[in-house]
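Heads up, target-v9.cif below (mmCIF, C-alpha atoms, pLDDT in the B column; chains and numbers go by the auth columns):
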```
data_model
loop_
_atom_site.group_PDB
_atom_site.id
_atom_site.type_symbol
_atom_site.label_atom_id
_atom_site.label_comp_id
_atom_site.label_asym_id
_atom_site.label_seq_id
_atom_site.Cartn_x
_atom_site.Cartn_y
_atom_site.Cartn_z
_atom_site.B_iso_or_equiv
_atom_site.auth_seq_id
_atom_site.auth_asym_id
ATOM 1 C CA MET A 1 6.607 -11.251 -1.597 45.00 20 A
ATOM 2 C CA LEU A 2 9.682 -9.062 -1.401 48.00 21 A
ATOM 3 C CA ASN A 3 12.773 -10.862 -0.225 46.00 22 A
ATOM 4 C CA ASN A 4 15.253 -9.409 2.263 46.00 23 A
ATOM 5 C CA THR A 5 17.323 -7.792 -0.476 46.00 24 A
ATOM 6 C CA GLN A 6 14.273 -5.905 -1.769 48.00 25 A
ATOM 7 C CA THR A 7 12.967 -4.202 1.368 44.00 26 A
ATOM 8 C CA PRO A 8 14.475 -0.704 1.111 59.00 27 A
ATOM 9 C CA ALA A 9 11.873 2.040 1.217 66.00 28 A
ATOM 10 C CA THR A 10 12.196 2.744 -2.490 73.00 29 A
ATOM 11 C CA ASP A 11 11.376 -0.877 -3.358 89.00 30 A
ATOM 12 C CA VAL A 12 8.357 -0.897 -1.036 91.00 31 A
ATOM 13 C CA ARG A 13 7.152 2.393 -2.487 91.00 32 A
ATOM 14 C CA ALA A 14 7.630 1.125 -6.038 90.00 33 A
ATOM 15 C CA ALA A 15 5.752 -2.108 -5.250 91.00 34 A
ATOM 16 C CA ILE A 16 2.850 -0.228 -3.691 91.00 35 A
ATOM 17 C CA GLN A 17 2.658 2.262 -6.531 89.00 36 A
ATOM 18 C CA ARG A 18 2.762 -0.605 -9.039 89.00 37 A
ATOM 19 C CA GLU A 19 -0.161 -2.309 -7.254 92.00 38 A
ATOM 20 C CA ILE A 20 -2.130 0.958 -7.064 91.00 39 A
ATOM 21 C CA ASP A 21 -1.552 1.495 -10.772 89.00 40 A
ATOM 22 C CA SER A 22 -2.656 -2.082 -11.440 89.00 41 A
ATOM 23 C CA VAL A 23 -5.913 -1.611 -9.531 89.00 42 A
ATOM 24 C CA LEU A 24 -6.614 1.767 -11.127 86.00 43 A
ATOM 25 C CA LEU A 25 -5.915 0.454 -14.609 78.00 44 A
ATOM 26 C CA ASP A 26 -8.595 -2.189 -14.095 54.00 45 A
ATOM 27 C CA GLU A 27 -11.269 0.404 -13.434 52.00 46 A
ATOM 28 C CA GLU A 28 -10.092 3.835 -14.480 51.00 47 A
ATOM 29 C CA GLY A 29 -7.493 3.366 -17.191 52.00 48 A
ATOM 30 C CA GLY A 30 -4.819 4.677 -14.830 53.00 49 A
ATOM 31 C CA ALA A 31 -4.686 7.972 -13.006 56.00 50 A
ATOM 32 C CA GLY A 32 -2.008 10.410 -11.956 77.00 51 A
ATOM 33 C CA TYR A 33 -1.554 10.861 -8.223 85.00 52 A
ATOM 34 C CA THR A 34 1.041 12.055 -5.753 87.00 53 A
ATOM 35 C CA LEU A 35 2.039 10.642 -2.373 90.00 54 A
ATOM 36 C CA ASP A 36 0.151 13.502 -0.711 94.00 55 A
ATOM 37 C CA ASP A 37 -3.121 12.736 -2.503 92.00 56 A
ATOM 38 C CA PRO A 38 -5.946 11.297 -0.440 94.00 57 A
ATOM 39 C CA LEU A 39 -6.709 7.700 -1.394 91.00 58 A
ATOM 40 C CA LEU A 40 -10.092 8.706 -2.827 89.00 59 A
ATOM 41 C CA THR A 41 -8.545 11.478 -4.909 87.00 60 A
ATOM 42 C CA ALA A 42 -6.068 8.951 -6.289 86.00 61 A
ATOM 43 C CA GLY A 43 -9.095 6.994 -7.508 87.00 62 A
ATOM 44 C CA LEU A 44 -9.338 4.301 -4.837 90.00 63 A
ATOM 45 C CA ASN A 45 -12.961 3.800 -3.811 91.00 64 A
ATOM 46 C CA SER A 46 -13.767 1.262 -1.099 92.00 65 A
ATOM 47 C CA LEU A 47 -13.962 -1.724 -3.455 94.00 66 A
ATOM 48 C CA LEU A 48 -10.718 -0.846 -5.202 93.00 67 A
ATOM 49 C CA LEU A 49 -9.033 -0.254 -1.858 94.00 68 A
ATOM 50 C CA ALA A 50 -10.091 -3.715 -0.666 94.00 69 A
ATOM 51 C CA GLN A 51 -8.688 -5.223 -3.866 95.00 70 A
ATOM 52 C CA LEU A 52 -5.477 -3.230 -3.414 95.00 71 A
ATOM 53 C CA LEU A 53 -5.000 -4.453 0.164 96.00 72 A
ATOM 54 C CA LEU A 54 -5.354 -8.069 -0.951 96.00 73 A
ATOM 55 C CA GLN A 55 -2.818 -7.543 -3.723 95.00 74 A
ATOM 56 C CA LEU A 56 -0.404 -5.767 -1.373 96.00 75 A
ATOM 57 C CA GLU A 57 -0.576 -8.568 1.175 95.00 76 A
ATOM 58 C CA ALA A 58 0.222 -11.086 -1.563 95.00 77 A
ATOM 59 C CA ALA A 59 3.026 -8.960 -3.022 93.00 78 A
ATOM 60 C CA LEU A 60 4.645 -7.758 0.211 94.00 79 A
ATOM 61 C CA GLY A 61 3.817 -10.619 2.573 94.00 80 A
ATOM 62 C CA VAL A 62 2.496 -8.400 5.362 95.00 81 A
ATOM 63 C CA ASP A 63 -0.892 -7.110 6.484 95.00 82 A
ATOM 64 C CA PRO A 64 -0.394 -3.985 8.590 96.00 83 A
ATOM 65 C CA PHE A 65 -4.140 -3.870 9.287 95.00 84 A
ATOM 66 C CA ALA A 66 -4.439 -7.353 10.806 90.00 85 A
ATOM 67 C CA GLU A 67 -4.237 -6.218 14.414 84.00 86 A
ATOM 68 C CA GLU A 68 -4.023 -2.718 15.906 84.00 87 A
ATOM 69 C CA ARG A 69 -4.064 -0.390 12.907 89.00 88 A
ATOM 70 C CA SER A 70 -7.178 0.356 10.842 93.00 89 A
ATOM 71 C CA ILE A 71 -7.264 1.258 7.170 93.00 90 A
ATOM 72 C CA THR A 72 -9.673 4.063 8.109 92.00 91 A
ATOM 73 C CA ASP A 73 -6.734 5.801 9.829 93.00 92 A
ATOM 74 C CA ILE A 74 -4.906 6.048 6.508 95.00 93 A
ATOM 75 C CA ARG A 75 -5.709 9.109 4.440 95.00 94 A
ATOM 76 C CA THR A 76 -3.029 9.486 1.755 95.00 95 A
ATOM 77 C CA VAL A 77 -1.011 7.339 -0.612 93.00 96 A
ATOM 78 C CA GLY A 78 2.124 8.329 1.318 95.00 97 A
ATOM 79 C CA GLU A 79 0.599 7.197 4.634 96.00 98 A
ATOM 80 C CA LEU A 80 -0.284 3.858 3.048 96.00 99 A
ATOM 81 C CA ILE A 81 3.323 3.428 1.939 95.00 100 A
ATOM 82 C CA ASP A 82 4.589 4.378 5.423 95.00 101 A
ATOM 83 C CA VAL A 83 2.337 1.791 7.099 96.00 102 A
ATOM 84 C CA TYR A 84 3.598 -0.988 4.840 95.00 103 A
ATOM 85 C CA GLU A 85 7.235 0.063 5.332 94.00 104 A
ATOM 86 C CA GLN A 86 6.730 -0.073 9.124 93.00 105 A
ATOM 87 C CA ALA A 87 5.043 -3.490 8.912 94.00 106 A
ATOM 88 C CA ILE A 88 7.878 -4.888 6.779 92.00 107 A
ATOM 89 C CA ARG A 89 10.496 -3.529 9.197 91.00 108 A
ATOM 90 C CA ALA A 90 8.610 -5.041 12.146 91.00 109 A
ATOM 91 C CA ALA A 91 8.245 -8.394 10.390 89.00 110 A
ATOM 92 C CA SER A 92 11.943 -8.520 9.497 88.00 111 A
ATOM 93 C CA ALA A 93 12.862 -7.595 13.077 86.00 112 A
ATOM 94 C CA GLY A 94 10.678 -10.431 14.347 76.00 113 A
ATOM 95 C CA VAL A 95 8.323 -8.136 16.230 60.00 114 A
#
```
Go ahead and express the file in the form of structure tokens.
Amino acid sequence: MLNNTQTPATDVRAAIQREIDSVLLDEEGGAGYTLDDPLLTAGLNSLLLAQLLLQLEAALGVDPFAEERSITDIRTVGELIDVYEQAIRAASAGV
């Protein structure tokens, strides 16, 4: 889990990209992607996405999909990063 000194957006983005790379390396040998790429284009099929979400919850200490938001609403890598950044901000604000 990131501690309070590691929650700037760049650290969250780096952590998420590291976890995506980790998941993709397991199956695909790594793949190039941009923040605007759809999750499927980046190489994340449904099983890999489920694995990624588990790893992100363990690494970041939040699950932005536990209540109101659905993973099916997320289309791109950048949107995934935004959702986790919002969840971390909400958790640190005590919301």
message = I'd like the interatomic distance between atom CA of A:Gly113 and atom CA of A:Gly97, to a tenth of an Å.
response =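 Computing the Euclidean distance for atom CA of A:Gly113 and atom CA of A:Gly97 yields 24.4 Å.
Proximity ranking of A:Leu71, A:Ile107, A:Asp82, A:Ser65 relative to A:Gln36 places A:Leu71 first, based on only C-alpha atoms.
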task = I would like the residues chosen by the PyMOL selection byres ((chain A and resi 78) around 10) on the shown file; could you give them as JSON, numbers by chain?
result = {"A": [20, 21, 31, 34, 35, 38, 72, 73, 74, 75, 76, 77, 79, 80, 81]}
request  = Select, from A:Ala69, A:Ala106, A:Ala112, A:Val96, the residue with the minimum atom-to-atom distance to A:Ala33, counting all atoms listed in the file.
outcome  =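 Closest candidate: A:Val96.
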query = For the atom pair atom CA of A:Gly62 and atom CA of A:Ala109, what is the interatomic distance in Å to one decimal place?
reply =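 So the answer is 29.1 Å.
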key: Minimum-distance residue to A:Asp40, chosen among A:Leu63, A:Ala85, A:Leu99, A:Ile90 (using only C-alpha atoms)   =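 For A:Asp40, the nearest of the given residues is A:Leu63.
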key: atom CA of A:Glu98 to atom CA of A:Thr53, distance in Å rounded to a single decimal   =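 Between atom CA of A:Glu98 and atom CA of A:Thr53 the gap is 11.5 Å.
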ask   = Using all atoms listed in the file, which of A:Ser111, A:Leu67, A:Asp101, A:Asp30 sits nearest A:Leu54?
value = A:Asp101
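Across A:Arg88, A:Arg94, A:Arg37, A:Arg108, the tightest approach to A:Leu59 is made by A:Arg94 when counting all atoms listed in the file.
Here the question is which of A:Ile100, A:Gly51, A:Ile39, A:Glu87 gets nearest to A:Leu68 using all atoms listed in the file, and that residue is A:Ile39.
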